[in-house]
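Student: This is the structure I want to talk about, given as structure tokens.
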Amino acid sequence: MQSVHIELITVSRQFGAGGSELARKLGERLNWHVLDDEVACRCAKRLHLETATVERLREHSPTLLARLSSALLVAPPEAPGIDTTHLLRIDAIAEAAFESITEAAKSLPLVVVGFGTQCIFADRPDALHVRLVAPMPVRVERLRERFGWDAANAAARAHRMDEDRRRYVQRYFHRDVNDPLLYDVQINTGRTTLDEATSIIAQLVRVEQGVAAG
């Protein structure tokens, strides 16, 4: 990396690779604020929704069926029997997330997880973009321990969440989430522990800060 003062870390992750835990550990290690589940709370306030509703739709690109349903519900005012007054626009949560994250990024330093932030802040020289991956068997075991799912269910959910996140980045940023050029650091947490990954990233941030200060 070029010598810059790092004040923003984005964390992209495969489901079960440990992104949220890494972000928490980085926040503790660096004494930085972490924006993760808090995004859902901020979006909910903007949209006047329950936080749980927003959390369920986190980083989900609208499905074809949802897009078709949305289009069908755009009825003329004179159409009888259809009340579209309180319908949530199909991209409203993604837009609220973008606004919440960019607003939060005005107060640095910050670690932020997901929501295509590696694309939102792609041109910021003070940002370090991290991607966590892990082999499916490792992720399945972690998900089983965390949620109590059986192996088949854990694998299915991991595949589905990875695909949802891929589609989210594709829809809203027109990028491939697996493009290695979106990231400065990619770590396989199947071979590297989260504590080791945290140390690697924290050390990189401190080295860059030290170089910039010097």
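By order in the structure tokens, chains are A, B, ...; within a chain, residues start at 1; ligands start at 1, following the order shown.
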List as a list in words the protein and nucleic acid residues near Ala202 in chain A, meaning an atom at most 8 Å away when only C-alpha atoms are counted, but skip any in the same chain fewer than 6 places from it.
Tutor: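 Contacts, with the query itself left out: Leu26, Arg29 and Leu30 of chain A.
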Student: For range 157-173 of chain A, work out the shell of residues within 6 Å, counting only C-alpha atoms and skipping chain neighbours fewer than 2 positions away, then give it as a list in words.
Tutor: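 Contacts, with the query itself left out: Gln14, Phe15, Glu59, His60, Ser61, Gly116, Ala154, Ala155, Arg175, Asp176 and Val177 of chain A.
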Student: May I ask which of the residues A:Leu22, A:Ala156, A:Asp184, A:Arg13 is the closest one to Pro125 in chain A, counting only C-alpha atoms?
Tutor: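 Of the candidates, the smallest distance to Pro125 in chain A is held by A:Asp184.
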Student: So that I can check the surroundings of range 104-107 of chain A, please list as a ChimeraX atom specification every protein, DNA and RNA residue that reaches within 10 Å of it, counting only C-alpha atoms and ignoring chain neighbours fewer than 6 positions away.
Tutor: /A:7-8,33,35,39,42,98,121
Student: Taking the DSSP assignment computed from this structure's backbone, write out as a PDB file with N, CA and C atoms, in the first residue's frame all residues of range 31-212 of chain A that belong to strand (DSSP E or B).
Tutor:
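Output (states.pdb):
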```
ATOM      1  N   HIS A  33     -14.481   3.086  16.777  1.00  0.00           N
ATOM      2  CA  HIS A  33     -15.904   2.757  16.739  1.00  0.00           C
ATOM      3  C   HIS A  33     -16.158   1.721  15.645  1.00  0.00           C
ATOM      4  N   VAL A  34     -17.080   0.792  15.901  1.00  0.00           N
ATOM      5  CA  VAL A  34     -17.436  -0.257  14.941  1.00  0.00           C
ATOM      6  C   VAL A  34     -18.889  -0.086  14.527  1.00  0.00           C
ATOM      7  N   LEU A  35     -19.125  -0.042  13.238  1.00  0.00           N
ATOM      8  CA  LEU A  35     -20.469   0.073  12.685  1.00  0.00           C
ATOM      9  C   LEU A  35     -20.810  -1.251  12.013  1.00  0.00           C
ATOM     10  N   LEU A 110     -13.028   4.593  12.108  1.00  0.00           N
ATOM     11  CA  LEU A 110     -14.222   3.768  12.048  1.00  0.00           C
ATOM     12  C   LEU A 110     -13.911   2.431  11.366  1.00  0.00           C
ATOM     13  N   VAL A 111     -14.521   1.367  11.920  1.00  0.00           N
ATOM     14  CA  VAL A 111     -14.553   0.051  11.263  1.00  0.00           C
ATOM     15  C   VAL A 111     -15.993  -0.196  10.869  1.00  0.00           C
ATOM     16  N   VAL A 112     -16.245  -0.540   9.616  1.00  0.00           N
ATOM     17  CA  VAL A 112     -17.618  -0.749   9.161  1.00  0.00           C
ATOM     18  C   VAL A 112     -17.706  -2.077   8.410  1.00  0.00           C
ATOM     19  N   VAL A 113     -18.787  -2.820   8.680  1.00  0.00           N
ATOM     20  CA  VAL A 113     -18.944  -4.177   8.156  1.00  0.00           C
ATOM     21  C   VAL A 113     -20.033  -4.223   7.090  1.00  0.00           C
ATOM     22  N   ALA A 127      -8.755   4.674   3.514  1.00  0.00           N
ATOM     23  CA  ALA A 127      -9.518   3.462   3.807  1.00  0.00           C
ATOM     24  C   ALA A 127      -8.699   2.211   3.524  1.00  0.00           C
ATOM     25  N   LEU A 128      -8.842   1.229   4.391  1.00  0.00           N
ATOM     26  CA  LEU A 128      -8.229  -0.089   4.217  1.00  0.00           C
ATOM     27  C   LEU A 128      -9.370  -1.087   4.031  1.00  0.00           C
ATOM     28  N   HIS A 129      -9.366  -1.794   2.915  1.00  0.00           N
ATOM     29  CA  HIS A 129     -10.463  -2.699   2.578  1.00  0.00           C
ATOM     30  C   HIS A 129     -10.042  -4.146   2.810  1.00  0.00           C
ATOM     31  N   VAL A 130     -10.777  -4.822   3.694  1.00  0.00           N
ATOM     32  CA  VAL A 130     -10.439  -6.177   4.127  1.00  0.00           C
ATOM     33  C   VAL A 130     -11.524  -7.149   3.670  1.00  0.00           C
ATOM     34  N   ARG A 131     -11.111  -8.323   3.214  1.00  0.00           N
ATOM     35  CA  ARG A 131     -12.037  -9.382   2.823  1.00  0.00           C
ATOM     36  C   ARG A 131     -11.686 -10.655   3.588  1.00  0.00           C
ATOM     37  N   LEU A 132     -12.678 -11.251   4.263  1.00  0.00           N
ATOM     38  CA  LEU A 132     -12.478 -12.507   4.967  1.00  0.00           C
ATOM     39  C   LEU A 132     -13.165 -13.640   4.211  1.00  0.00           C
ATOM     40  N   VAL A 133     -12.437 -14.730   4.009  1.00  0.00           N
ATOM     41  CA  VAL A 133     -12.970 -15.928   3.372  1.00  0.00           C
ATOM     42  C   VAL A 133     -12.580 -17.126   4.230  1.00  0.00           C
ATOM     43  N   VAL A 185      -6.476  -6.285   1.551  1.00  0.00           N
ATOM     44  CA  VAL A 185      -6.061  -7.469   2.304  1.00  0.00           C
ATOM     45  C   VAL A 185      -7.176  -8.506   2.229  1.00  0.00           C
ATOM     46  N   GLN A 186      -6.816  -9.735   1.890  1.00  0.00           N
ATOM     47  CA  GLN A 186      -7.767 -10.844   1.963  1.00  0.00           C
ATOM     48  C   GLN A 186      -7.164 -11.934   2.837  1.00  0.00           C
ATOM     49  N   ILE A 187      -7.944 -12.398   3.819  1.00  0.00           N
ATOM     50  CA  ILE A 187      -7.436 -13.366   4.786  1.00  0.00           C
ATOM     51  C   ILE A 187      -8.346 -14.576   4.831  1.00  0.00           C
ATOM     52  N   ASN A 188      -7.745 -15.751   4.765  1.00  0.00           N
ATOM     53  CA  ASN A 188      -8.459 -17.017   4.889  1.00  0.00           C
ATOM     54  C   ASN A 188      -8.506 -17.381   6.367  1.00  0.00           C
TER      55      ASN A 188
END
```
Student: If I take CA of Ala134 in chain A and CA of Leu194 in chain A, how far is one from the other in Å, to one decimal?
Tutor: 11.3 Å
Student: Please give the complete set of residues from range 80-183 of chain A that DSSP, run on the backbone, assigns to helix (DSSP H, G or I), formatted as JSON, numbers by chain.
Tutor: {"A": [92, 93, 94, 95, 96, 97, 98, 99, 100, 101, 102, 103, 104, 117, 118, 119, 120, 136, 137, 138, 139, 140, 141, 142, 143, 144, 145, 146, 147, 151, 152, 153, 154, 155, 156, 157, 158, 159, 160, 161, 162, 163, 164, 165, 166, 167, 168, 169, 170, 171, 172, 173, 180, 181, 182]}
Student: For range 137-139 of chain A, find every residue with an atom within 7 Å (counting only C-alpha atoms), except residues of its own chain fewer than 4 positions away, and show them as a CSV table (one decimal) with C-alpha atoms, in the first residue's frame.
Tutor:
```csv
chain,number,residue,atom,x,y,z
A,16,GLY,CA,-19.4,-17.7,8.6
A,17,ALA,CA,-15.9,-16.3,7.9
A,143,LEU,CA,-22.4,-21.8,12.0
A,190,GLY,CA,-9.7,-21.2,7.9
```
Student: Pick from A:Ser12, A:Glu99, A:Glu38, A:Leu204: nearest to Tyr183 in chain A, with only C-alpha atoms counted?
Tutor: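 Nearest to Tyr183 in chain A: A:Ser12.
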Student: Could you please determine the separation between CA of Ile9 in chain A and CA of His48 in chain A in Å, to one decimal place?
Tutor: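 One can read the CA of Ile9 in chain A to CA of His48 in chain A distance as 28.7 Å.
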Student: Kindly indicate which residue among A:Asp150, A:Ile120, A:Arg142, A:Ile101 lies nearest to Thr189 in chain A, using only C-alpha atoms for the distances.
Tutor: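 Checking each of A:Asp150, A:Ile120, A:Arg142, A:Ile101 against Thr189 in chain A, counting only C-alpha atoms, the winner is A:Arg142.
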Student: Point out the residue among A:Thr198, A:Thr192, A:Asn178, A:Asn153 with the least atom-to-atom distance to Ser20 in chain A, counting only C-alpha atoms.
Tutor: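 For Ser20 in chain A, the nearest of the candidates is A:Thr198.
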